[in-house]
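Undergrad: The structure file final-v3.cif (mmCIF, C-alpha atoms) is provided below.
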```cif
data_protein
#
loop_
_atom_site.label_atom_id
_atom_site.label_comp_id
_atom_site.auth_asym_id
_atom_site.auth_seq_id
_atom_site.Cartn_x
_atom_site.Cartn_y
_atom_site.Cartn_z
CA MET A 1 72.42 98.54 107.47
CA ARG A 2 69.23 96.69 106.55
CA HIS A 3 67.09 98.99 104.46
CA PRO A 4 63.28 98.85 104.78
CA PHE A 5 63.27 100.27 101.28
CA ARG A 6 65.69 100.90 98.45
CA ARG A 7 66.94 104.42 98.20
CA LEU A 8 66.21 107.17 95.68
CA ALA A 9 68.89 108.24 93.21
CA VAL A 10 70.35 111.59 94.27
CA SER A 11 71.47 114.29 91.88
CA ALA A 12 75.14 115.19 92.27
CA LEU A 13 78.05 116.33 90.19
CA THR A 14 79.55 113.41 88.27
CA LEU A 15 83.05 112.75 89.55
CA ALA A 16 85.92 111.10 87.72
CA VAL A 17 87.25 108.39 90.02
CA ALA A 18 90.40 106.32 89.62
CA ALA A 19 89.98 102.66 88.71
CA LEU A 20 86.23 102.60 88.09
CA PRO A 21 85.13 99.46 86.24
CA ALA A 22 85.56 99.79 82.48
CA GLY A 23 82.71 97.46 81.69
CA PRO A 24 80.65 94.54 82.96
CA ALA A 25 82.53 91.95 84.96
CA LEU A 26 82.10 88.42 83.68
CA ALA A 27 80.82 85.74 86.01
CA ARG A 28 82.98 82.62 86.18
CA PRO A 29 81.39 79.18 86.11
CA GLY A 30 81.07 77.68 89.55
CA HIS A 31 81.61 80.99 91.34
CA GLY A 32 78.04 82.14 91.89
CA PRO A 33 76.66 82.57 95.41
CA ALA A 34 75.02 79.14 95.40
CA ALA A 35 78.36 77.46 94.63
CA LEU A 36 80.24 78.91 97.60
CA PRO A 37 81.33 76.57 100.40
CA ALA A 38 79.58 76.69 103.76
CA VAL A 39 81.02 76.98 107.26
CA HIS A 40 79.06 76.50 110.46
CA PRO A 41 79.09 78.47 113.71
CA ARG A 42 80.32 76.85 116.91
CA ALA A 43 78.30 79.14 119.20
CA GLU A 44 75.88 82.07 119.19
CA THR A 45 75.04 84.83 121.64
CA ALA A 46 71.63 85.21 123.23
CA PRO A 47 69.14 86.87 120.87
CA LEU A 48 68.59 90.63 120.98
CA THR A 49 65.17 92.08 120.21
CA ASP A 50 64.62 95.52 118.75
CA ASP A 51 61.51 96.32 120.76
CA GLU A 52 60.65 97.94 124.10
CA ALA A 53 60.74 94.63 125.95
CA GLY A 54 64.24 93.98 124.66
CA GLY A 55 65.51 97.49 125.30
CA ASN A 56 65.52 98.29 121.57
CA ALA A 57 68.69 96.22 121.27
CA ASP A 58 69.86 95.36 117.76
CA ALA A 59 73.11 93.47 117.16
CA ASP A 60 75.38 95.26 114.71
CA ASP A 61 79.19 95.14 114.88
CA PRO A 62 81.72 92.99 116.85
CA ALA A 63 85.40 93.29 117.77
CA ILE A 64 87.64 90.59 119.28
CA TRP A 65 89.99 91.41 122.18
CA ARG A 66 92.71 88.87 122.91
CA ASP A 67 93.98 88.43 126.46
CA ALA A 68 97.68 87.78 125.84
CA ALA A 69 98.23 86.38 129.33
CA ARG A 70 95.22 84.08 129.28
CA PRO A 71 93.85 83.62 125.73
CA ASP A 72 90.92 81.57 127.05
CA ARG A 73 89.78 84.73 128.82
CA SER A 74 89.56 86.74 125.58
CA LEU A 75 86.43 88.76 124.90
CA VAL A 76 84.10 89.84 122.11
CA VAL A 77 82.89 93.43 122.38
CA ALA A 78 79.82 94.16 120.28
CA THR A 79 77.36 96.96 119.61
CA ALA A 80 73.62 96.67 120.15
CA LYS A 81 72.59 100.13 118.87
CA GLU A 82 70.13 101.65 121.40
CA GLY A 83 70.93 98.66 123.57
CA GLY A 84 74.51 99.96 123.99
CA LEU A 85 77.44 97.54 124.21
CA ARG A 86 77.55 93.83 124.97
CA VAL A 87 80.65 91.97 126.10
CA TYR A 88 80.81 88.18 125.61
CA ASP A 89 83.25 85.44 126.57
CA LEU A 90 84.45 82.80 124.09
CA ASP A 91 81.45 80.62 124.92
CA ALA A 92 79.27 83.48 123.65
CA ARG A 93 77.95 84.07 127.17
CA LEU A 94 77.16 87.61 128.28
CA VAL A 95 79.83 89.09 130.56
CA GLN A 96 78.79 92.74 130.66
CA SER A 97 76.07 95.02 129.29
CA ILE A 98 76.65 98.76 128.97
CA ALA A 99 73.77 101.10 128.29
CA ALA A 100 74.07 103.76 125.61
CA PRO A 101 73.98 107.23 127.19
CA ALA A 102 70.72 109.13 126.83
CA GLY A 103 70.35 112.33 124.87
CA PRO A 104 70.50 115.68 126.69
CA THR A 105 66.71 115.66 127.12
CA PRO A 106 63.94 113.09 126.50
CA ASP A 107 63.06 115.04 123.34
CA ASN A 108 66.51 114.50 121.82
CA ALA A 109 67.79 111.45 119.99
CA PRO A 110 68.87 108.65 122.36
CA GLY A 111 72.36 107.18 122.38
CA ARG A 112 72.87 104.51 119.72
CA PHE A 113 76.09 102.50 119.40
CA ASN A 114 76.75 101.60 115.80
CA ASN A 115 80.28 100.27 115.21
CA VAL A 116 83.16 99.28 117.46
CA ASP A 117 86.90 98.72 117.06
CA LEU A 118 89.91 98.25 119.35
CA VAL A 119 93.18 100.11 120.01
CA GLN A 120 96.04 98.42 121.85
CA GLY A 121 98.59 99.86 124.22
CA VAL A 122 97.41 103.47 124.33
CA LYS A 123 99.37 105.61 126.79
CA LEU A 124 97.00 107.18 129.31
CA GLY A 125 97.71 109.21 132.41
CA THR A 126 97.04 106.07 134.44
CA GLY A 127 99.27 103.80 132.32
CA ARG A 128 99.01 101.95 129.01
CA ALA A 129 95.68 100.37 128.15
CA ASP A 130 93.73 98.58 125.46
CA LEU A 131 90.64 100.51 124.40
CA ALA A 132 87.31 99.77 122.78
CA VAL A 133 86.09 102.70 120.69
CA THR A 134 82.52 102.93 119.44
CA THR A 135 80.47 105.38 117.40
CA ASP A 136 77.53 106.77 119.35
CA ARG A 137 75.37 107.59 116.38
CA GLY A 138 72.57 108.97 118.56
CA ASN A 139 74.79 111.64 120.15
CA ASP A 140 77.29 112.05 117.26
CA ARG A 141 80.29 111.20 119.41
CA LEU A 142 82.89 108.56 120.00
CA ARG A 143 82.71 106.62 123.27
CA VAL A 144 85.87 105.05 124.62
CA TYR A 145 86.17 102.16 127.10
CA ARG A 146 89.24 100.81 128.85
CA ILE A 147 89.52 97.01 128.72
CA ASP A 148 90.62 95.25 131.90
CA PRO A 149 89.29 91.74 132.62
CA ALA A 150 90.27 92.13 136.28
CA SER A 151 88.10 95.20 136.81
CA PRO A 152 85.50 94.42 139.52
CA GLY A 153 82.73 96.31 137.73
CA GLY A 154 83.25 94.43 134.47
CA PRO A 155 86.01 94.36 131.86
CA LEU A 156 84.96 97.66 130.21
CA THR A 157 85.16 101.02 131.97
CA ASP A 158 84.06 104.27 130.33
CA VAL A 159 87.04 106.63 129.91
CA THR A 160 85.47 109.04 127.43
CA ASP A 161 86.52 112.64 127.92
CA PRO A 162 83.28 114.42 128.98
CA ALA A 163 84.40 117.42 126.93
CA ALA A 164 84.39 115.39 123.68
CA ALA A 165 82.54 117.34 120.99
CA PRO A 166 80.18 116.06 118.28
CA VAL A 167 82.05 114.50 115.38
CA PHE A 168 80.08 116.04 112.51
CA SER A 169 77.22 118.15 113.91
CA ALA A 170 77.29 121.86 114.79
CA GLY A 171 74.66 121.53 117.54
CA GLN A 172 71.91 119.42 119.07
CA ALA A 173 69.34 120.26 116.38
CA GLU A 174 71.71 118.87 113.76
CA ILE A 175 72.47 115.84 115.92
CA ASP A 176 68.75 115.07 116.12
CA GLU A 177 68.67 114.86 112.31
CA GLN A 178 70.96 111.83 112.78
CA ARG A 179 73.46 112.51 110.01
CA THR A 180 75.99 111.55 112.60
CA ALA A 181 78.99 109.30 113.35
CA TYR A 182 78.30 105.89 111.84
CA GLY A 183 80.99 103.47 110.63
CA LEU A 184 84.34 103.15 112.41
CA ALA A 185 87.85 101.77 112.04
CA THR A 186 90.82 102.43 114.30
CA TRP A 187 94.43 102.84 113.17
CA THR A 188 97.74 103.28 114.93
CA ASP A 189 100.36 104.96 112.74
CA ARG A 190 103.49 102.88 113.25
CA ALA A 191 105.72 105.76 112.19
CA THR A 192 104.48 108.08 114.95
CA GLY A 193 102.73 105.80 117.43
CA ARG A 194 99.64 108.01 117.28
CA ALA A 195 96.22 106.36 117.44
CA TYR A 196 93.32 107.39 115.23
CA ALA A 197 89.68 106.64 114.54
CA LEU A 198 88.32 106.82 111.01
CA VAL A 199 84.62 107.62 111.14
CA SER A 200 81.97 107.74 108.43
CA ARG A 201 78.85 109.90 108.44
CA ARG A 202 75.36 108.48 108.16
CA GLU A 203 73.55 109.30 104.88
CA ARG A 204 76.62 111.17 103.64
CA THR A 205 79.84 110.13 101.88
CA THR A 206 82.13 111.91 104.37
CA LEU A 207 84.98 110.19 106.18
CA ALA A 208 86.75 111.87 109.10
CA LEU A 209 90.20 111.13 110.52
CA LEU A 210 90.21 111.76 114.28
CA GLU A 211 93.30 111.55 116.46
CA LEU A 212 92.63 110.00 119.85
CA THR A 213 93.94 112.24 122.64
CA ALA A 214 94.55 111.35 126.30
CA THR A 215 94.07 113.65 129.27
CA ALA A 216 96.17 113.66 132.43
CA ALA A 217 93.23 112.12 134.27
CA GLY A 218 93.25 109.06 132.02
CA ARG A 219 90.31 110.12 129.86
CA VAL A 220 90.27 109.89 126.06
CA GLY A 221 88.99 112.48 123.61
CA TYR A 222 89.69 113.21 119.96
CA ARG A 223 90.47 115.95 117.49
CA GLU A 224 89.72 116.17 113.79
CA VAL A 225 92.75 115.91 111.51
CA ARG A 226 91.03 116.02 108.11
CA THR A 227 87.97 114.81 106.20
CA LEU A 228 87.40 113.35 102.76
CA ASP A 229 84.22 113.00 100.70
CA LEU A 230 83.85 109.93 98.54
CA PRO A 231 81.86 110.30 95.31
CA SER A 232 78.08 110.14 95.32
CA ALA A 233 77.73 109.98 91.54
CA PHE A 234 79.68 107.95 89.00
CA ARG A 235 80.35 108.13 85.27
CA LEU A 236 79.48 104.83 83.63
CA PRO A 237 81.29 103.37 80.60
CA ASP A 238 78.46 104.56 78.33
CA GLY A 239 79.10 108.17 79.42
CA THR A 240 76.01 108.54 81.62
CA SER A 241 75.99 109.55 85.29
CA TRP A 242 74.65 107.19 87.92
CA SER A 243 73.89 107.44 91.63
CA PRO A 244 72.54 104.65 93.84
CA CYS A 245 68.85 104.64 94.59
CA ALA A 246 68.12 106.49 97.86
CA GLU A 247 65.54 108.40 99.86
CA PRO A 248 65.33 112.09 98.99
CA GLY A 249 68.36 113.90 100.38
CA GLU A 250 70.39 110.79 101.19
CA LEU A 251 73.82 110.08 99.74
CA PRO A 252 75.44 106.63 99.51
CA GLN A 253 76.94 106.10 102.96
CA VAL A 254 79.91 104.09 104.22
CA GLU A 255 79.69 101.77 107.22
CA GLY A 256 82.06 98.80 107.12
CA MET A 257 85.72 99.87 107.35
CA VAL A 258 89.06 98.34 108.31
CA VAL A 259 92.70 99.49 108.22
CA ASP A 260 95.62 97.24 107.29
CA PRO A 261 98.16 98.13 110.01
CA ASP A 262 101.16 97.01 107.95
CA ASN A 263 100.72 99.57 105.17
CA GLY A 264 98.22 102.11 106.49
CA VAL A 265 95.61 101.25 103.85
CA LEU A 266 91.94 101.85 104.61
CA TYR A 267 89.23 99.70 103.05
CA ALA A 268 85.79 101.31 103.15
CA GLY A 269 82.51 99.74 102.09
CA GLN A 270 80.18 102.25 100.43
CA GLU A 271 77.03 100.22 100.91
CA ASP A 272 75.36 100.51 97.49
CA VAL A 273 78.54 101.12 95.49
CA GLY A 274 81.43 98.84 96.45
CA ILE A 275 84.72 98.64 98.34
CA TRP A 276 87.17 101.56 98.28
CA ARG A 277 90.90 101.35 98.93
CA LEU A 278 92.62 104.53 100.13
CA ARG A 279 95.29 105.79 102.48
CA ALA A 280 94.27 105.72 106.14
CA ASP A 281 95.47 109.31 106.54
CA LEU A 282 92.81 110.29 103.95
CA THR A 283 95.33 111.71 101.49
CA GLY A 284 95.75 110.62 97.88
CA THR A 285 93.16 109.26 95.47
CA PRO A 286 90.63 106.60 96.52
CA ARG A 287 90.29 103.59 94.21
CA LEU A 288 87.37 101.20 93.82
CA LEU A 289 88.55 97.67 94.51
CA ASP A 290 85.22 96.04 93.56
CA THR A 291 81.61 97.06 92.96
CA VAL A 292 78.27 95.58 93.96
CA ARG A 293 76.11 93.83 91.39
CA GLU A 294 73.65 96.74 91.46
CA TYR A 295 76.30 99.26 90.41
CA GLY A 296 74.95 101.30 87.51
CA VAL A 297 71.36 100.03 87.76
CA PRO A 298 68.95 103.00 87.50
CA GLY A 299 66.13 103.34 89.98
CA THR A 300 63.05 105.51 90.46
CA TYR A 301 61.78 106.15 93.96
CA ASP A 302 58.09 105.48 94.57
CA GLU A 303 56.89 107.58 97.52
CA SER A 304 53.70 105.56 97.91
CA THR A 305 55.60 102.32 98.57
CA GLU A 306 58.81 103.90 99.91
CA GLU A 307 60.70 101.65 97.52
CA CYS A 308 62.68 102.06 94.34
CA VAL A 309 61.64 100.62 91.03
CA ALA A 310 64.77 99.29 89.33
CA GLY A 311 65.38 99.83 85.64
CA ALA A 312 67.23 97.58 83.22
CA ASP A 313 70.62 96.37 84.43
CA PRO A 314 73.28 97.74 82.05
CA GLY A 315 75.76 95.12 83.25
CA TYR A 316 78.39 97.37 84.78
CA GLY A 317 78.32 95.91 88.28
CA GLY A 318 80.57 93.34 89.87
CA THR A 319 79.81 89.66 90.41
CA ARG A 320 80.82 88.99 94.01
CA LEU A 321 78.97 91.51 96.17
CA THR A 322 75.24 92.16 96.48
CA ALA A 323 74.27 95.44 98.15
CA ASP A 324 74.79 96.24 100.87
CA VAL A 325 78.51 95.64 101.20
CA GLU A 326 79.32 95.73 104.92
CA GLY A 327 81.28 94.01 107.68
CA LEU A 328 84.82 94.56 106.39
CA THR A 329 87.52 92.82 108.44
CA LEU A 330 91.14 91.79 107.87
CA LEU A 331 92.49 88.27 108.24
CA GLN A 332 96.20 88.93 108.83
CA GLU A 333 99.01 86.43 108.40
CA ASP A 334 102.52 86.84 109.79
CA ASP A 335 104.15 86.89 106.35
CA GLY A 336 102.01 89.84 105.23
CA ASP A 337 99.59 87.64 103.31
CA GLY A 338 95.94 87.18 104.26
CA TYR A 339 92.48 88.26 103.23
CA LEU A 340 90.16 91.21 103.29
CA LEU A 341 86.76 89.75 104.17
CA ALA A 342 83.54 91.56 103.24
CA SER A 343 79.93 90.81 104.06
CA SER A 344 77.77 90.69 100.95
CA GLN A 345 74.62 91.45 102.87
CA GLY A 346 72.18 91.16 99.98
CA ASP A 347 72.88 87.47 99.30
CA ASP A 348 74.10 86.32 102.75
CA THR A 349 77.65 85.54 101.61
CA PHE A 350 81.19 86.67 102.44
CA ALA A 351 83.79 87.60 99.84
CA ALA A 352 87.56 87.26 100.35
CA TYR A 353 90.15 89.43 98.61
CA ASP A 354 93.93 89.08 98.63
CA ARG A 355 95.38 91.39 101.26
CA GLU A 356 98.36 92.27 99.02
CA THR A 357 97.74 95.58 97.26
CA GLY A 358 100.59 94.95 94.84
CA GLU A 359 98.51 92.20 93.27
CA GLY A 360 95.41 94.41 93.09
CA ASN A 361 93.57 92.77 96.01
CA GLU A 362 92.47 89.94 93.75
CA TYR A 363 89.28 88.07 94.61
CA GLU A 364 90.20 84.76 96.27
CA GLY A 365 86.81 83.18 96.88
CA GLY A 366 83.95 83.30 99.32
CA PHE A 367 81.82 81.36 101.75
CA ARG A 368 78.53 81.27 103.62
CA VAL A 369 77.86 80.86 107.33
CA THR A 370 75.02 78.34 107.46
CA ALA A 371 73.14 76.47 110.16
CA ALA A 372 75.07 73.98 112.27
CA SER A 373 71.86 72.41 113.60
CA ALA A 374 68.18 73.09 114.06
CA ALA A 375 69.07 75.05 117.20
CA LEU A 376 72.10 76.93 115.82
CA ASP A 377 71.32 78.82 112.62
CA GLY A 378 73.70 80.65 110.30
CA SER A 379 74.14 84.31 109.42
CA GLU A 380 71.76 86.27 107.26
CA GLU A 381 71.83 89.96 106.30
CA CYS A 382 75.15 90.35 108.10
CA ASP A 383 75.98 93.89 109.21
CA GLY A 384 79.30 93.53 111.00
CA ALA A 385 82.16 91.03 111.24
CA ALA A 386 85.49 90.67 113.03
CA VAL A 387 88.29 88.15 112.58
CA LEU A 388 91.37 87.37 114.66
CA ASN A 389 94.02 85.00 113.34
CA ARG A 390 95.56 84.23 116.72
CA PRO A 391 95.08 81.20 118.99
CA LEU A 392 92.38 81.78 121.58
CA GLY A 393 92.99 78.96 124.01
CA SER A 394 91.23 75.62 123.83
CA ARG A 395 88.01 76.93 122.33
CA TYR A 396 89.45 78.51 119.21
CA PRO A 397 93.09 77.43 118.76
CA ASN A 398 92.90 78.35 115.07
CA GLY A 399 91.49 81.84 115.65
CA LEU A 400 87.97 83.20 115.51
CA LEU A 401 85.52 84.86 113.13
CA VAL A 402 82.51 86.62 114.67
CA VAL A 403 79.66 87.69 112.39
CA GLN A 404 76.40 89.47 113.06
CA ASP A 405 73.23 87.58 112.19
CA GLY A 406 70.57 90.05 111.08
CA HIS A 407 67.77 87.49 111.10
CA ASP A 408 68.17 85.06 113.97
CA THR A 409 65.85 82.08 113.96
CA PRO A 410 63.51 81.10 115.33
CA GLY A 411 61.72 84.43 115.60
CA ASP A 412 58.14 85.56 115.82
CA GLY A 413 58.19 87.07 112.33
CA GLU A 414 57.33 90.53 113.63
CA THR A 415 60.09 91.61 116.02
CA ALA A 416 63.63 92.03 114.65
CA VAL A 417 65.74 89.34 116.34
CA THR A 418 69.52 89.49 115.93
CA ASP A 419 72.66 88.01 117.48
CA PHE A 420 76.32 87.15 116.81
CA LYS A 421 77.71 83.86 115.52
CA PHE A 422 81.17 82.51 116.53
CA VAL A 423 82.95 80.58 113.75
CA ASP A 424 86.23 78.64 114.06
CA LEU A 425 88.69 80.40 111.80
CA GLY A 426 90.22 77.10 110.77
CA ASP A 427 86.92 76.21 109.08
CA VAL A 428 86.96 79.52 107.20
CA ARG A 429 90.53 78.98 106.01
CA ASP A 430 89.68 75.47 104.84
CA ALA A 431 86.74 76.88 102.87
CA LEU A 432 88.89 79.54 101.21
CA ASP A 433 91.88 77.29 100.56
CA GLY A 434 89.89 74.32 99.38
#
```
Using the file provided, produce a representation of the structure as structure tokens.
TA:
Amino acid sequence: MRHPFRRLAVSALTLAVAALPAGPALARPGHGPAALPAVHPRAETAPLTDDEAGGNADADDPAIWRDAARPDRSLVVATAKEGGLRVYDLDARLVQSIAAPAGPTPDNAPGRFNNVDLVQGVKLGTGRADLAVTTDRGNDRLRVYRIDPASPGGPLTDVTDPAAAPVFSAGQAEIDEQRTAYGLATWTDRATGRAYALVSRRERTTLALLELTATAAGRVGYREVRTLDLPSAFRLPDGTSWSPCAEPGELPQVEGMVVDPDNGVLYAGQEDVGIWRLRADLTGTPRLLDTVREYGVPGTYDESTEECVAGADPGYGGTRLTADVEGLTLLQEDDGDGYLLASSQGDDTFAAYDRETGEGNEYEGGFRVTAASAALDGSEECDGAAVLNRPLGSRYPNGLLVVQDGHDTPGDGETAVTDFKFVDLGDVRDALDG
């Protein structure tokens, strides 16, 4: 999420949290943002504009679907907020555009697709299918689409159960306040075969575990299993309590999330705090894997400027992430190794952590996505990212990384212009392994 202003510190009960940083992390020579290696995109999607002429479309979060029979025919499914969903081929060309559903009346909040993730091989009444699941923040619901590249109307078909209830809200008035379904990660429990969506709540710290349920007619709904609230206030090493700067009434929200399918571990990016590691079934004690640089910095909200005035930095924050932390995605390797990748939105970089929890998810390095040419720029203020370490035909035999670009150039300087960049995964691996 790109904030037009920094957020006011909220008052909340100080919570004791496992594995909070014991003191300031020390920067290592040669590991600052400027020293990180650069990779270049191979392609980019057409720009989206967040204005009436562009359908209020705003690129946010991608997911990569691999066609096992014909990898060259694989797709990128991506959210465009009020612009709905976009589906692209591996040349970054538009294949399908799906509008977000309207609200119940013109006076209600419109549909707004925030995050998207995929589920493979779900058993429906009409057979097994791969699904794209997205959070409709405007209506506080999940929307579910069956993926079939042979479908004559386009590869995605809406199979959402019309009886699906709001995820967090008790009624339409609460939905219109837009403290609704926001971030998303899917998870299939290998022990039971059941498929789930983990959903965060906008402007709150709540995470919900929802089991995806199929109807006899081939529709997909969901039921709540449990919820968990992450902390909104933190005890610092000097004994004081700290909360991130926020607008009045807002709590530090989560957006970027991903589940490691091999061990059922959820990684959740609390935007102005850091990255949490916890069980995907939302049991047990969450642990902070890393914190943003701004962790512990006091702030005072100025209503006249709608910005926060930062106080002195006590030095308790991390060194690799600059708020907001977003775009979490998992680079999986067959031997169980790999990386957790995170978008450090505040300094336009990406951080990589060891996927192995037994080694504490150690930081392994980082990179930038920078311009390939005057016509093909890099990624700035990245909201969402997706990686797939599988060959995707002739275009991306080494796999693919797709990242949102929150500031596509050239632009007119007034309208928000966004898109998605396609990066050869081999280039990313070379940058991290070099």
Undergrad: Applied to this file, what does the PyMOL selection byres ((chain A and resi 284) around 12) return in terms of residues, put as a PyMOL selection string?
TA: chain A and resi 17-18+228+230+265-266+277-283+285-287
Undergrad: From the list A:Leu75, A:Ala69, A:Ala173, A:Leu85, which residue is nearest Asn108 in chain A when using all atoms listed in the file?
TA: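 The closest residue to Asn108 in chain A is A:Ala173.
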Undergrad: Report as a list in words the residues that result from applying the PyMOL selection byres ((chain A and resi 148-156) around 9) to the structure here.
TA: Asp67, Arg73, Ser74, Leu75, Val87, Val95, Gln96, Ser97, Ile98, Ala129, Asp130, Leu131, Ala132, Tyr145, Arg146, Ile147, Thr157 and Asp158 of chain A
Undergrad: Take the point (76.5, 101.3, 91.3) in the file's coordinates, draw a sphere of radius 10 Å around it, and report as a VMD selection string every protein, DNA or RNA residue with an atom inside or on it, counting all atoms listed in the file.
TA: chain A and resid 232 to 236 242 to 245 252 270 to 274 291 to 298 316 to 318 323
Undergrad: For a test of reading the model, state the distance in Å between CA of Arg202 in chain A and CA of Tyr182 in chain A, rounded to one decimal.
TA: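 CA of Tyr182 in chain A lies at a distance of 5.4 Å from CA of Arg202 in chain A.
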